[in-house]
Amino acid sequence: MASFWQMLRHDPVYTPVVEAFKGIFALQGLRFRITGEHNVPESGPAVMMINHTGYFDFTYAGLAALPSRRLVRFMAKESVFRHPVSGPLLRGMRHISVDRAAGAASYGHALEALRAGEIVGVFPEATISMSFEPKAFKTGGVRMAQATGAPILPVAIWGSQRVWTKGHPKRLGRTRVPIGITVGEPIPVGPDDDIAEVTARVRETITRMLHALQDAYPPVPEAERHLMPVRLGGTAPTPEEAAVLEARRRIHHP
């Protein structure tokens, strides 16, 4: 396992950024409950596949890898790499830009990272789920795992939507929001495995872990019912309603 100083020498940008964010989370009073972190390998490649309910999911999911002294290289949309502040930081942390117009290049960069022994973070829903229920999973993460022999690390996050999610104001003050994170056991992908079947199994695993996190989550204030799925008595859009809203957003913000 790498020491902090080894991590700093290897990742002179990423390591201090992580420490800075840990300080910010402490100021916000965020209460993390992480389970299954021992499932993150101390060395070697892995594809971390995560459900997506809030804009800060990548920063929270990365915390689960820190006990193993690992840093996750996340795949993120190309637009955030063009930002004058976030762009240089993301490139310095060796995250992977996803350009819809050059998908093959993004996929190739992810394969290179995996073959170099990195953990690559993927949000298989592609965008935030406005219903807060898992959407259909894209197969790219499983294809990358199969192509490189890397296992899949299924990760479920719950609570991040209360900090900042699509269509709602961000809450970056001292909110003391609880955030649950579960890392499941690695899922191997054999060379002859059916990609669609494995993707469905990963989605079922993450959904099961998500429901367990929701069952153990503290009661949410009435004023935040819009940040809870209908299945749990919330007023968020149903998955069907969310699909319509997301389609409208794509029309107006292609």
# chains A, B, ... in the order shown; residues from 1 in each chain; ligands from 1
>>> residues_around(residues="segment 156-158 of chain A", least_positions_apart="2", cutoff="7 Å", atoms="only C-alpha atoms", output="tab-separated table (two decimals) with C-alpha atoms, in the first residue's frame")
chain	number	residue	atom	x	y	z
A	50	ILE	CA	-21.47	4.20	-9.33
A	51	ASN	CA	-25.12	5.31	-9.25
A	154	PRO	CA	-20.06	-1.69	-7.70
A	160	SER	CA	-25.57	13.40	-2.08
A	179	ILE	CA	-24.06	10.44	3.05
A	180	GLY	CA	-23.92	6.67	2.80
A	181	ILE	CA	-21.47	4.89	0.51
A	182	THR	CA	-21.24	1.14	-0.02
A	183	VAL	CA	-18.59	-0.68	-2.04
A	206	ILE	CA	-25.98	-1.43	-7.06
A	209	MET	CA	-27.00	-1.78	-2.09
A	210	LEU	CA	-28.77	1.55	-2.69
A	213	LEU	CA	-28.54	2.52	2.29
A	214	GLN	CA	-31.98	4.12	1.98
>>> closest_atom_pairs(of="segment 125-144 of chain A", to="segment 219-241 of chain A", cutoff="10 Å", atoms="only C-alpha atoms", output="tab-separated table")
residue	atom	partner	partner_atom	distance
A:Ser129	CA	A:Pro239	CA	8.3
A:Met130	CA	A:Pro237	CA	6.7
A:Ser131	CA	A:Pro237	CA	5.0
A:Phe132	CA	A:Pro229	CA	5.6
A:Glu133	CA	A:Pro229	CA	6.8
A:Pro134	CA	A:Pro239	CA	8.7
A:Lys135	CA	A:Pro239	CA	7.6
>>> write_last_selection(atoms="C-alpha atoms", output="mmCIF file, in the first residue's frame")
data_model
loop_
_atom_site.group_PDB
_atom_site.id
_atom_site.type_symbol
_atom_site.label_atom_id
_atom_site.label_comp_id
_atom_site.auth_asym_id
_atom_site.auth_seq_id
_atom_site.Cartn_x
_atom_site.Cartn_y
_atom_site.Cartn_z
ATOM 1 C CA SER A 129 -31.136 10.409 -12.160
ATOM 2 C CA MET A 130 -33.829 13.003 -11.491
ATOM 3 C CA SER A 131 -36.075 10.306 -10.002
ATOM 4 C CA PHE A 132 -33.238 9.202 -7.676
ATOM 5 C CA GLU A 133 -33.862 5.634 -8.835
ATOM 6 C CA PRO A 134 -31.198 3.878 -10.944
ATOM 7 C CA LYS A 135 -31.758 4.451 -14.653
#
>>> residues_around(residues="segment 119-125 of chain A", least_positions_apart="6", cutoff="7 Å", atoms="only C-alpha atoms", output="list in words")
Pro45, Ala46, Val47, Met48, Met49, Ile50, Asn51, His52, Val72, Arg73, Phe74, Met75, Ala110, Lys135, Ala136, Phe137, Lys138 and Gly141 of chain A
>>> write_last_selection(atoms="C-alpha atoms", output="PDB file, in the first residue's frame")
ATOM      1  CA  PRO A  45      -6.894  -1.955 -12.140  1.00  0.00           C
ATOM      2  CA  ALA A  46     -10.619  -1.829 -11.449  1.00  0.00           C
ATOM      3  CA  VAL A  47     -13.683  -0.203 -12.989  1.00  0.00           C
ATOM      4  CA  MET A  48     -15.665   1.567 -10.268  1.00  0.00           C
ATOM      5  CA  MET A  49     -19.320   1.818 -11.373  1.00  0.00           C
ATOM      6  CA  ILE A  50     -21.473   4.204  -9.327  1.00  0.00           C
ATOM      7  CA  ASN A  51     -25.117   5.307  -9.252  1.00  0.00           C
ATOM      8  CA  HIS A  52     -25.606   9.008  -9.898  1.00  0.00           C
ATOM      9  CA  VAL A  72      -9.851   7.101  -8.790  1.00  0.00           C
ATOM     10  CA  ARG A  73      -9.604   8.505 -12.322  1.00  0.00           C
ATOM     11  CA  PHE A  74     -13.147   9.540 -13.147  1.00  0.00           C
ATOM     12  CA  MET A  75     -14.669   9.803 -16.586  1.00  0.00           C
ATOM     13  CA  ALA A 110      -9.849   4.786 -20.126  1.00  0.00           C
ATOM     14  CA  LYS A 135     -31.758   4.451 -14.653  1.00  0.00           C
ATOM     15  CA  ALA A 136     -30.737   2.042 -17.386  1.00  0.00           C
ATOM     16  CA  PHE A 137     -26.993   1.370 -17.340  1.00  0.00           C
ATOM     17  CA  LYS A 138     -24.819   1.874 -20.393  1.00  0.00           C
ATOM     18  CA  GLY A 141     -17.925   0.163 -18.011  1.00  0.00           C
TER      19      GLY A 141
END
>>> atom_distance(atom1="atom CA of Arg249 of chain A", atom2="atom CA of Tyr55 of chain A")
16.4 Å
>>> residues_around(residues="Tyr107 of chain A", least_positions_apart="4", cutoff="12 Å", atoms="only C-alpha atoms", output="JSON, numbers by chain")
{"A": [75, 76, 96, 97, 98, 99, 100, 101, 102, 103, 111, 112, 113, 114, 120, 122, 139, 140, 141, 142, 143, 144, 145, 147, 148]}
>>> select_by_dssp(residues="segment 24-234 of chain A", states="strand (DSSP E)", output="JSON, numbers by chain")
{"A": [31, 32, 33, 34, 35, 46, 47, 48, 49, 50, 72, 73, 74, 75, 76, 77, 96, 97, 98, 119, 120, 121, 122, 152, 153, 154, 155, 156, 157, 158, 178, 179, 180, 181, 182, 183]}
>>> write_last_selection(atoms="N, CA and C atoms", output="CSV table (one decimal), in the first residue's frame")
chain,number,residue,atom,x,y,z
A,31,ARG,N,-21.6,13.9,7.1
A,31,ARG,CA,-21.4,12.8,7.9
A,31,ARG,C,-21.4,11.5,7.0
A,32,PHE,N,-20.2,11.0,6.8
A,32,PHE,CA,-20.0,9.9,5.8
A,32,PHE,C,-20.1,8.6,6.6
A,33,ARG,N,-20.8,7.6,6.0
A,33,ARG,CA,-20.8,6.3,6.5
A,33,ARG,C,-20.4,5.4,5.3
A,34,ILE,N,-19.2,4.9,5.4
A,34,ILE,CA,-18.6,4.1,4.2
A,34,ILE,C,-18.5,2.7,4.7
A,35,THR,N,-19.0,1.8,3.9
A,35,THR,CA,-18.9,0.3,4.2
A,35,THR,C,-18.4,-0.4,3.0
A,46,ALA,N,-9.2,-1.5,-11.7
A,46,ALA,CA,-10.6,-1.8,-11.4
A,46,ALA,C,-11.5,-0.8,-12.1
A,47,VAL,N,-12.7,-1.1,-12.5
A,47,VAL,CA,-13.7,-0.2,-13.0
A,47,VAL,C,-14.7,0.0,-11.9
A,48,MET,N,-14.7,1.2,-11.3
A,48,MET,CA,-15.7,1.6,-10.3
A,48,MET,C,-16.9,2.1,-10.9
A,49,MET,N,-18.1,1.4,-10.8
A,49,MET,CA,-19.3,1.8,-11.4
A,49,MET,C,-20.3,2.3,-10.3
A,50,ILE,N,-20.8,3.5,-10.4
A,50,ILE,CA,-21.5,4.2,-9.3
A,50,ILE,C,-22.8,4.7,-9.8
A,72,VAL,N,-9.0,7.5,-7.7
A,72,VAL,CA,-9.9,7.1,-8.8
A,72,VAL,C,-9.8,8.1,-9.9
A,73,ARG,N,-9.6,7.6,-11.1
A,73,ARG,CA,-9.6,8.5,-12.3
A,73,ARG,C,-11.0,8.5,-12.9
A,74,PHE,N,-11.8,9.5,-12.7
A,74,PHE,CA,-13.1,9.5,-13.1
A,74,PHE,C,-13.3,10.0,-14.6
A,75,MET,N,-14.3,9.4,-15.3
A,75,MET,CA,-14.7,9.8,-16.6
A,75,MET,C,-15.7,10.9,-16.4
A,76,ALA,N,-15.5,12.1,-17.0
A,76,ALA,CA,-16.4,13.2,-16.8
A,76,ALA,C,-16.6,13.9,-18.2
A,77,LYS,N,-17.7,14.5,-18.3
A,77,LYS,CA,-18.1,15.1,-19.6
A,77,LYS,C,-17.1,16.2,-19.9
A,96,ILE,N,-10.5,11.6,-16.9
A,96,ILE,CA,-10.7,11.3,-18.3
A,96,ILE,C,-11.8,12.0,-18.9
A,97,SER,N,-11.6,12.9,-19.9
A,97,SER,CA,-12.6,13.6,-20.6
A,97,SER,C,-13.4,12.8,-21.5
A,98,VAL,N,-14.8,12.9,-21.4
A,98,VAL,CA,-15.7,12.2,-22.3
A,98,VAL,C,-16.3,13.1,-23.3
A,119,ILE,N,-7.6,2.8,-11.1
A,119,ILE,CA,-9.0,2.6,-10.9
A,119,ILE,C,-9.7,3.7,-11.7
A,120,VAL,N,-10.6,3.3,-12.6
A,120,VAL,CA,-11.4,4.2,-13.4
A,120,VAL,C,-12.8,4.3,-12.9
A,121,GLY,N,-13.3,5.5,-12.6
A,121,GLY,CA,-14.6,5.7,-12.1
A,121,GLY,C,-15.6,6.0,-13.3
A,122,VAL,N,-16.7,5.3,-13.3
A,122,VAL,CA,-17.7,5.4,-14.3
A,122,VAL,C,-19.1,5.6,-13.7
A,152,ILE,N,-15.0,-5.3,-11.7
A,152,ILE,CA,-15.9,-4.1,-11.5
A,152,ILE,C,-16.1,-4.0,-10.0
A,153,LEU,N,-16.0,-2.7,-9.6
A,153,LEU,CA,-16.3,-2.4,-8.2
A,153,LEU,C,-17.7,-1.7,-8.2
A,154,PRO,N,-18.8,-2.3,-7.8
A,154,PRO,CA,-20.1,-1.7,-7.7
A,154,PRO,C,-20.1,-0.8,-6.5
A,155,VAL,N,-20.6,0.5,-6.7
A,155,VAL,CA,-20.6,1.4,-5.6
A,155,VAL,C,-22.0,2.1,-5.6
A,156,ALA,N,-22.6,2.2,-4.4
A,156,ALA,CA,-23.9,2.9,-4.2
A,156,ALA,C,-23.7,4.1,-3.3
A,157,ILE,N,-24.3,5.2,-3.7
A,157,ILE,CA,-24.2,6.4,-2.9
A,157,ILE,C,-25.7,6.9,-2.6
A,158,TRP,N,-25.9,7.3,-1.4
A,158,TRP,CA,-27.2,7.9,-1.1
A,158,TRP,C,-27.0,9.1,-0.1
A,178,PRO,N,-26.1,13.5,6.1
A,178,PRO,CA,-25.5,12.2,6.1
A,178,PRO,C,-25.4,11.7,4.7
A,179,ILE,N,-24.3,11.0,4.4
A,179,ILE,CA,-24.1,10.4,3.1
A,179,ILE,C,-23.5,9.0,3.2
A,180,GLY,N,-24.3,8.1,2.7
A,180,GLY,CA,-23.9,6.7,2.8
A,180,GLY,C,-23.3,6.2,1.5
A,181,ILE,N,-22.2,5.4,1.7
A,181,ILE,CA,-21.5,4.9,0.5
A,181,ILE,C,-21.2,3.4,0.8
A,182,THR,N,-21.5,2.6,-0.2
A,182,THR,CA,-21.2,1.1,0.0
A,182,THR,C,-20.5,0.7,-1.2
A,183,VAL,N,-19.4,0.0,-1.0
A,183,VAL,CA,-18.6,-0.7,-2.0
A,183,VAL,C,-18.9,-2.2,-2.0
>>> select_by_dssp(residues="segment 61-154 of chain A", states="helix (DSSP H, G or I)", output="VMD selection string")
chain A and resid 61 to 63 66 to 68 78 to 81 86 to 92 100 to 115 140 to 148
